[in-house]
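Below: upload.pdb (PDB, C-alpha atoms, pLDDT in the B column)
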ATOM      1  CA  MET A  25    -141.950 -20.560  46.581  1.00 45.00           C
ATOM      2  CA  SER A  26    -138.985 -19.155  44.780  1.00 55.00           C
ATOM      3  CA  ALA A  27    -138.258 -16.134  46.924  1.00 79.00           C
ATOM      4  CA  THR A  28    -138.585 -14.879  50.451  1.00 92.00           C
ATOM      5  CA  LEU A  29    -141.668 -12.963  51.466  1.00 96.00           C
ATOM      6  CA  ALA A  30    -140.799  -9.293  51.963  1.00 96.00           C
ATOM      7  CA  ILE A  31    -143.010  -7.013  54.043  1.00 97.00           C
ATOM      8  CA  ARG A  32    -142.630  -3.274  53.683  1.00 97.00           C
ATOM      9  CA  GLU A  33    -144.530  -0.102  54.443  1.00 98.00           C
ATOM     10  CA  ILE A  34    -146.200   1.807  51.629  1.00 97.00           C
ATOM     11  CA  GLY A  35    -147.784   5.228  51.390  1.00 96.00           C
ATOM     12  CA  ALA A  36    -150.846   6.413  49.521  1.00 97.00           C
ATOM     13  CA  ASP A  37    -148.800   6.544  46.316  1.00 97.00           C
ATOM     14  CA  GLY A  38    -148.122   2.791  46.540  1.00 96.00           C
ATOM     15  CA  PHE A  39    -151.643   1.652  47.380  1.00 98.00           C
ATOM     16  CA  ALA A  40    -152.559   0.915  43.752  1.00 97.00           C
ATOM     17  CA  ARG A  41    -150.399  -2.233  43.977  1.00 96.00           C
ATOM     18  CA  ALA A  42    -152.307  -3.394  47.091  1.00 97.00           C
ATOM     19  CA  TRP A  43    -155.716  -2.529  45.673  1.00 98.00           C
ATOM     20  CA  PRO A  44    -156.322  -5.822  43.779  1.00 97.00           C
ATOM     21  CA  VAL A  45    -155.888  -7.798  47.023  1.00 97.00           C
ATOM     22  CA  PHE A  46    -158.066  -5.366  48.977  1.00 97.00           C
ATOM     23  CA  ARG A  47    -160.784  -5.395  46.307  1.00 97.00           C
ATOM     24  CA  ALA A  48    -160.870  -9.206  46.044  1.00 96.00           C
ATOM     25  CA  VAL A  49    -161.127  -9.717  49.801  1.00 96.00           C
ATOM     26  CA  VAL A  50    -163.779  -7.062  50.406  1.00 96.00           C
ATOM     27  CA  ALA A  51    -165.865  -8.002  47.356  1.00 94.00           C
ATOM     28  CA  ALA A  52    -166.344 -11.511  48.764  1.00 93.00           C
ATOM     29  CA  GLY A  53    -168.458 -10.090  51.614  1.00 92.00           C
ATOM     30  CA  ASP A  54    -167.377 -12.742  54.087  1.00 93.00           C
ATOM     31  CA  THR A  55    -164.704 -11.171  56.306  1.00 93.00           C
ATOM     32  CA  TYR A  56    -164.794  -7.353  56.235  1.00 93.00           C
ATOM     33  CA  SER A  57    -167.614  -4.921  56.965  1.00 93.00           C
ATOM     34  CA  TYR A  58    -166.459  -2.493  54.264  1.00 96.00           C
ATOM     35  CA  PRO A  59    -169.031  -2.096  51.487  1.00 94.00           C
ATOM     36  CA  PRO A  60    -168.258  -4.731  48.822  1.00 93.00           C
ATOM     37  CA  ASP A  61    -168.287  -1.973  46.184  1.00 93.00           C
ATOM     38  CA  ILE A  62    -165.833   0.309  48.013  1.00 96.00           C
ATOM     39  CA  ASP A  63    -163.662   2.225  45.569  1.00 96.00           C
ATOM     40  CA  GLU A  64    -159.891   2.493  45.542  1.00 97.00           C
ATOM     41  CA  ALA A  65    -159.805   6.116  46.731  1.00 97.00           C
ATOM     42  CA  GLN A  66    -161.913   5.306  49.802  1.00 97.00           C
ATOM     43  CA  ALA A  67    -159.834   2.242  50.638  1.00 97.00           C
ATOM     44  CA  ARG A  68    -156.557   4.123  50.139  1.00 97.00           C
ATOM     45  CA  ALA A  69    -157.711   6.950  52.422  1.00 97.00           C
ATOM     46  CA  MET A  70    -158.727   4.546  55.206  1.00 96.00           C
ATOM     47  CA  TRP A  71    -155.579   2.456  55.067  1.00 98.00           C
ATOM     48  CA  THR A  72    -152.864   5.035  54.331  1.00 98.00           C
ATOM     49  CA  THR A  73    -153.965   8.296  55.957  1.00 97.00           C
ATOM     50  CA  PRO A  74    -152.141   8.842  59.270  1.00 97.00           C
ATOM     51  CA  PRO A  75    -152.354   7.584  61.885  1.00 97.00           C
ATOM     52  CA  SER A  76    -153.035   4.491  59.728  1.00 98.00           C
ATOM     53  CA  ARG A  77    -149.964   2.822  58.251  1.00 98.00           C
ATOM     54  CA  CYS A  78    -150.145   0.339  55.391  1.00 98.00           C
ATOM     55  CA  PHE A  79    -147.806  -2.566  54.614  1.00 98.00           C
ATOM     56  CA  VAL A  80    -147.603  -5.016  51.734  1.00 98.00           C
ATOM     57  CA  ALA A  81    -146.289  -8.575  51.676  1.00 98.00           C
ATOM     58  CA  GLU A  82    -144.546  -9.296  48.378  1.00 97.00           C
ATOM     59  CA  ARG A  83    -142.850 -12.234  46.744  1.00 95.00           C
ATOM     60  CA  ASP A  84    -141.153 -12.012  43.351  1.00 93.00           C
ATOM     61  CA  GLY A  85    -142.652  -8.543  42.875  1.00 90.00           C
ATOM     62  CA  ASP A  86    -146.236  -9.727  43.444  1.00 95.00           C
ATOM     63  CA  VAL A  87    -148.311  -8.259  46.267  1.00 97.00           C
ATOM     64  CA  LEU A  88    -149.790 -11.268  48.057  1.00 97.00           C
ATOM     65  CA  GLY A  89    -151.005  -9.543  51.199  1.00 98.00           C
ATOM     66  CA  VAL A  90    -151.666  -6.166  52.740  1.00 98.00           C
ATOM     67  CA  TYR A  91    -152.182  -5.014  56.298  1.00 98.00           C
ATOM     68  CA  MET A  92    -153.005  -1.805  58.097  1.00 98.00           C
ATOM     69  CA  LEU A  93    -151.781  -0.757  61.558  1.00 98.00           C
ATOM     70  CA  ARG A  94    -153.291   2.116  63.540  1.00 98.00           C
ATOM     71  CA  PRO A  95    -154.386   3.087  67.032  1.00 98.00           C
ATOM     72  CA  ASN A  96    -157.524   1.206  68.009  1.00 97.00           C
ATOM     73  CA  GLN A  97    -159.077   4.394  69.397  1.00 96.00           C
ATOM     74  CA  PRO A  98    -158.085   8.059  69.526  1.00 95.00           C
ATOM     75  CA  GLY A  99    -156.932   9.905  72.625  1.00 96.00           C
ATOM     76  CA  LEU A 100    -156.982   7.836  75.779  1.00 97.00           C
ATOM     77  CA  GLY A 101    -157.253   4.588  73.794  1.00 96.00           C
ATOM     78  CA  ASP A 102    -154.368   5.231  71.418  1.00 97.00           C
ATOM     79  CA  HIS A 103    -151.936   2.991  73.314  1.00 98.00           C
ATOM     80  CA  VAL A 104    -153.733  -0.099  71.921  1.00 98.00           C
ATOM     81  CA  ALA A 105    -153.063  -0.978  68.283  1.00 98.00           C
ATOM     82  CA  ASN A 106    -155.541  -2.265  65.732  1.00 98.00           C
ATOM     83  CA  CYS A 107    -154.774  -4.129  62.511  1.00 97.00           C
ATOM     84  CA  GLY A 108    -156.550  -5.504  59.493  1.00 96.00           C
ATOM     85  CA  TYR A 109    -154.991  -8.160  57.250  1.00 97.00           C
ATOM     86  CA  MET A 110    -155.867  -9.289  53.731  1.00 97.00           C
ATOM     87  CA  VAL A 111    -154.326 -12.085  51.683  1.00 97.00           C
ATOM     88  CA  ALA A 112    -154.896 -12.577  47.966  1.00 97.00           C
ATOM     89  CA  PRO A 113    -157.251 -15.524  47.435  1.00 95.00           C
ATOM     90  CA  HIS A 114    -154.686 -17.402  45.304  1.00 95.00           C
ATOM     91  CA  ALA A 115    -152.008 -16.998  48.004  1.00 95.00           C
ATOM     92  CA  ARG A 116    -153.902 -18.340  51.018  1.00 94.00           C
ATOM     93  CA  GLY A 117    -152.421 -21.207  52.974  1.00 92.00           C
ATOM     94  CA  GLN A 118    -148.822 -20.056  52.422  1.00 93.00           C
ATOM     95  CA  GLY A 119    -148.227 -18.459  55.831  1.00 94.00           C
ATOM     96  CA  ILE A 120    -148.638 -14.902  54.582  1.00 96.00           C
ATOM     97  CA  ALA A 121    -151.214 -13.834  57.186  1.00 96.00           C
ATOM     98  CA  SER A 122    -149.057 -15.322  59.938  1.00 96.00           C
ATOM     99  CA  ALA A 123    -145.971 -13.478  58.655  1.00 97.00           C
ATOM    100  CA  MET A 124    -147.914 -10.212  58.480  1.00 97.00           C
ATOM    101  CA  CYS A 125    -149.249 -10.739  62.014  1.00 97.00           C
ATOM    102  CA  THR A 126    -145.726 -11.317  63.363  1.00 97.00           C
ATOM    103  CA  HIS A 127    -144.509  -8.247  61.475  1.00 98.00           C
ATOM    104  CA  SER A 128    -147.398  -6.110  62.763  1.00 98.00           C
ATOM    105  CA  LEU A 129    -146.768  -7.116  66.370  1.00 98.00           C
ATOM    106  CA  GLU A 130    -143.134  -6.041  65.993  1.00 98.00           C
ATOM    107  CA  GLU A 131    -144.142  -2.776  64.304  1.00 98.00           C
ATOM    108  CA  ALA A 132    -146.722  -2.097  67.015  1.00 98.00           C
ATOM    109  CA  ARG A 133    -144.149  -2.634  69.766  1.00 98.00           C
ATOM    110  CA  ARG A 134    -141.684  -0.398  67.928  1.00 98.00           C
ATOM    111  CA  ALA A 135    -144.368   2.299  67.638  1.00 98.00           C
ATOM    112  CA  GLY A 136    -144.952   2.200  71.410  1.00 98.00           C
ATOM    113  CA  PHE A 137    -148.263   0.349  71.587  1.00 98.00           C
ATOM    114  CA  SER A 138    -148.823  -1.787  74.687  1.00 98.00           C
ATOM    115  CA  ALA A 139    -151.490  -4.128  73.273  1.00 98.00           C
ATOM    116  CA  MET A 140    -153.319  -5.029  70.074  1.00 98.00           C
ATOM    117  CA  GLN A 141    -157.044  -5.506  69.641  1.00 98.00           C
ATOM    118  CA  TYR A 142    -159.107  -6.794  66.728  1.00 97.00           C
ATOM    119  CA  ASN A 143    -162.602  -5.334  67.002  1.00 96.00           C
ATOM    120  CA  PHE A 144    -164.415  -7.208  64.258  1.00 96.00           C
ATOM    121  CA  VAL A 145    -163.284 -10.782  63.575  1.00 96.00           C
ATOM    122  CA  VAL A 146    -166.108 -12.575  61.791  1.00 96.00           C
ATOM    123  CA  SER A 147    -166.730 -15.742  63.810  1.00 96.00           C
ATOM    124  CA  SER A 148    -167.210 -17.891  60.703  1.00 95.00           C
ATOM    125  CA  ASN A 149    -163.654 -17.000  59.606  1.00 95.00           C
ATOM    126  CA  GLU A 150    -162.355 -19.930  61.640  1.00 94.00           C
ATOM    127  CA  THR A 151    -158.960 -19.994  59.928  1.00 93.00           C
ATOM    128  CA  ALA A 152    -158.284 -16.419  61.034  1.00 94.00           C
ATOM    129  CA  VAL A 153    -159.612 -17.008  64.558  1.00 97.00           C
ATOM    130  CA  ARG A 154    -157.287 -20.001  65.018  1.00 96.00           C
ATOM    131  CA  LEU A 155    -154.357 -18.075  63.529  1.00 96.00           C
ATOM    132  CA  TRP A 156    -154.821 -15.087  65.825  1.00 97.00           C
ATOM    133  CA  GLN A 157    -155.106 -17.442  68.804  1.00 98.00           C
ATOM    134  CA  ARG A 158    -151.803 -19.076  67.805  1.00 97.00           C
ATOM    135  CA  HIS A 159    -150.307 -15.576  67.872  1.00 98.00           C
ATOM    136  CA  GLY A 160    -151.452 -15.066  71.476  1.00 98.00           C
ATOM    137  CA  PHE A 161    -154.818 -13.367  70.967  1.00 98.00           C
ATOM    138  CA  ALA A 162    -157.729 -14.264  73.222  1.00 98.00           C
ATOM    139  CA  ILE A 163    -161.394 -13.868  72.439  1.00 98.00           C
ATOM    140  CA  VAL A 164    -162.562 -11.223  74.920  1.00 98.00           C
ATOM    141  CA  GLY A 165    -166.006 -10.557  73.520  1.00 97.00           C
ATOM    142  CA  ARG A 166    -168.713 -11.638  71.093  1.00 98.00           C
ATOM    143  CA  VAL A 167    -171.188  -9.348  69.353  1.00 96.00           C
ATOM    144  CA  PRO A 168    -174.210 -11.368  68.219  1.00 97.00           C
ATOM    145  CA  GLY A 169    -175.259 -10.924  64.599  1.00 96.00           C
ATOM    146  CA  ALA A 170    -173.066  -7.849  64.015  1.00 95.00           C
ATOM    147  CA  PHE A 171    -171.998  -8.901  60.502  1.00 96.00           C
ATOM    148  CA  ARG A 172    -174.182  -9.442  57.438  1.00 93.00           C
ATOM    149  CA  HIS A 173    -172.235 -12.278  55.824  1.00 95.00           C
ATOM    150  CA  ALA A 174    -172.754 -12.512  52.049  1.00 91.00           C
ATOM    151  CA  HIS A 175    -173.641 -16.229  52.258  1.00 94.00           C
ATOM    152  CA  LEU A 176    -174.441 -17.029  55.900  1.00 92.00           C
ATOM    153  CA  GLY A 177    -176.524 -13.985  56.791  1.00 93.00           C
ATOM    154  CA  SER A 178    -176.406 -12.656  60.345  1.00 95.00           C
ATOM    155  CA  THR A 179    -173.082 -13.768  61.850  1.00 96.00           C
ATOM    156  CA  ASP A 180    -171.416 -13.065  65.187  1.00 97.00           C
ATOM    157  CA  VAL A 181    -168.289 -10.957  65.462  1.00 97.00           C
ATOM    158  CA  LEU A 182    -165.458 -11.572  67.915  1.00 98.00           C
ATOM    159  CA  VAL A 183    -163.287  -9.054  69.731  1.00 98.00           C
ATOM    160  CA  MET A 184    -159.752 -10.401  70.181  1.00 98.00           C
ATOM    161  CA  HIS A 185    -156.926  -8.928  72.269  1.00 98.00           C
ATOM    162  CA  ARG A 186    -153.366  -9.501  73.392  1.00 98.00           C
ATOM    163  CA  THR A 187    -150.763  -7.523  75.254  1.00 98.00           C
ATOM    164  CA  LEU A 188    -147.459  -6.704  73.606  1.00 98.00           C
TER     165      LEU A 188
END

Re-express the file's structure as structure tokens.
Amino acid sequence: MSATLAIREIGADGFARAWPVFRAVVAAGDTYSYPPDIDEAQARAMWTTPPSRCFVAERDGDVLGVYMLRPNQPGLGDHVANCGYMVAPHARGQGIASAMCTHSLEEARRAGFSAMQYNFVVSSNETAVRLWQRHGFAIVGRVPGAFRHAHLGSTDVLVMHRTL
């Protein structure tokens, strides 16, 4: 690793740089419920239209990860944050997801959220489950068979939560 990982917020006009990571992760059909053939305009709208905020993790000018931060629910549930994280397949195992999680927790606190909740963590994504637990998240629920995994079929989904 020749340079420090930099994490910065982007708007809709910068999403094209994040799109290759987003597309690769979603196309695999093993961690996100988005349609594997989602197009860039749909993804950009979901991840950059307020109240959603989008961030990229870059090293040496390459986008290696992307995350989205938003309220988990509107109105009376908007004090709890929600995030989604994606790391480029070739960049996994380098601490990028962990760095983005740390960054998102700080951003969420700064934005006035009092907790963070992940609504749809695919239970077979054991690396992510362990990582979120290391960052203080607890499994608070399990939804049986809620995800149609591309290779495993019907797979449980976990709800994970932590206070800020």

Q. Which residues fall under the PyMOL selection byres ((chain A and resi 171-177) around 6) in this file, as an MDAnalysis selection string?
A. chainID A and resid 53:54 169:170 178:179

Q: Could you jot down the atom CA of A:Pro113 to atom CA of A:Asn96 separation for me, Å, one decimal place?
A: 26.5 Å

Q) How would you write, as a list of chain:residue names, the residues chosen by the PyMOL selection byres ((chain A and resi 90) around 8) on this structure? A)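 What the PyMOL selection byres ((chain A and resi 90) around 8) grabs from the file is A:Ala42, A:Val45, A:Phe46, A:Cys78, A:Phe79, A:Val80, A:Ala81, A:Val87, A:Leu88, A:Gly89, A:Tyr91, A:Met92, A:Tyr109, A:Met110, A:Val111, A:Met124.
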
Q: Using the chain letters and numbers from the file, give me the residues hit by the PyMOL selection byres ((chain A and resi 65) around 10), as a ChimeraX atom specification.
A: /A:36,39-40,43,62-64,66-70

(Q) Please determine, counting only C-alpha atoms, which residue among A:Gly38, A:Gly101, A:Pro60, A:Pro95 has the shortest atom-to-atom distance to A:Thr72. (A) A:Gly38

Any chance you could work out the axis-aligned box around stretch 138-147 of chain A, listed atoms only, 3 Å on each side, giving centre and edge lengths in Å to one decimal, as lines of an AutoDock Vina configuration file?
center_x = -157.8
center_y = -8.8
center_z = 68.2
size_x = 23.9
size_y = 20.0
size_z = 18.9

(Q) Quick check, in Å to one decimal: how far apart do atom CA of A:Ser57 and atom CA of A:Phe144 lie? (A)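 Computed distance, atom CA of A:Ser57 to atom CA of A:Phe144, equals 8.3 Å.
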
Q) How far is it from atom CA of A:Leu188 to atom CA of A:Ala139, in Å with one decimal? A) 4.8 Å

A:Leu182 surroundings by all atoms listed in the file, 9 Å radius, close-in-sequence under 5 positions cut, as a PDB file with C-alpha atoms, in the frame of the given file:
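File written: selection06.pdb
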ATOM      1  CA  TYR A 142    -159.107  -6.794  66.728  1.00 97.00           C
ATOM      2  CA  ASN A 143    -162.602  -5.334  67.002  1.00 96.00           C
ATOM      3  CA  PHE A 144    -164.415  -7.208  64.258  1.00 96.00           C
ATOM      4  CA  VAL A 145    -163.284 -10.782  63.575  1.00 96.00           C
ATOM      5  CA  VAL A 146    -166.108 -12.575  61.791  1.00 96.00           C
ATOM      6  CA  SER A 147    -166.730 -15.742  63.810  1.00 96.00           C
ATOM      7  CA  VAL A 153    -159.612 -17.008  64.558  1.00 97.00           C
ATOM      8  CA  ILE A 163    -161.394 -13.868  72.439  1.00 98.00           C
ATOM      9  CA  VAL A 164    -162.562 -11.223  74.920  1.00 98.00           C
ATOM     10  CA  GLY A 165    -166.006 -10.557  73.520  1.00 97.00           C
ATOM     11  CA  ARG A 166    -168.713 -11.638  71.093  1.00 98.00           C
ATOM     12  CA  VAL A 167    -171.188  -9.348  69.353  1.00 96.00           C
ATOM     13  CA  PRO A 168    -174.210 -11.368  68.219  1.00 97.00           C
TER      14      PRO A 168
END

Q.
Show me the residues close to (-157.1, -15.4, 64.9) - anything with an atom within 10 Å, counting only C-alpha atoms - and format the list as a ChimeraX atom specification.
A. /A:121-122,125,142,145-147,149-163,182,184-185

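Counting only C-alpha atoms, the residue from A:Ile34, A:Val181, A:Phe137, A:Leu129 that sits nearest to A:Gln97 is A:Phe137.
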
Q: Determine, counting all atoms listed in the file, every residue of protein, DNA or RNA that lies within 12 Å of (-148.8, -1.6, 77.3) in the file coordinates, then give the result as a list in words.
A: Gly101, Asp102, His103, Val104, Ala105, Ala132, Arg133, Arg134, Ala135, Gly136, Phe137, Ser138, Ala139, Met140, Gln141, Arg186, Thr187 and Leu188 of chain A

**Q.** Residues within 6 Å of A:Ser76, all atoms listed in the file, excluding chain neighbours under 2 positions, as an MDAnalysis selection string
**A.** chainID A and resid 71:74 93:94

A:Thr28 surroundings by all atoms listed in the file, 10 Å radius, close-in-sequence under 5 positions cut, as a compact mmCIF listing (two decimals) with C-alpha atoms, in the frame of the given file:
# COMPACT_ATOMS: atom_id res chain seq x y z
CA GLU A 82 -144.55 -9.30 48.38
CA ARG A 83 -142.85 -12.23 46.74
CA ASP A 84 -141.15 -12.01 43.35
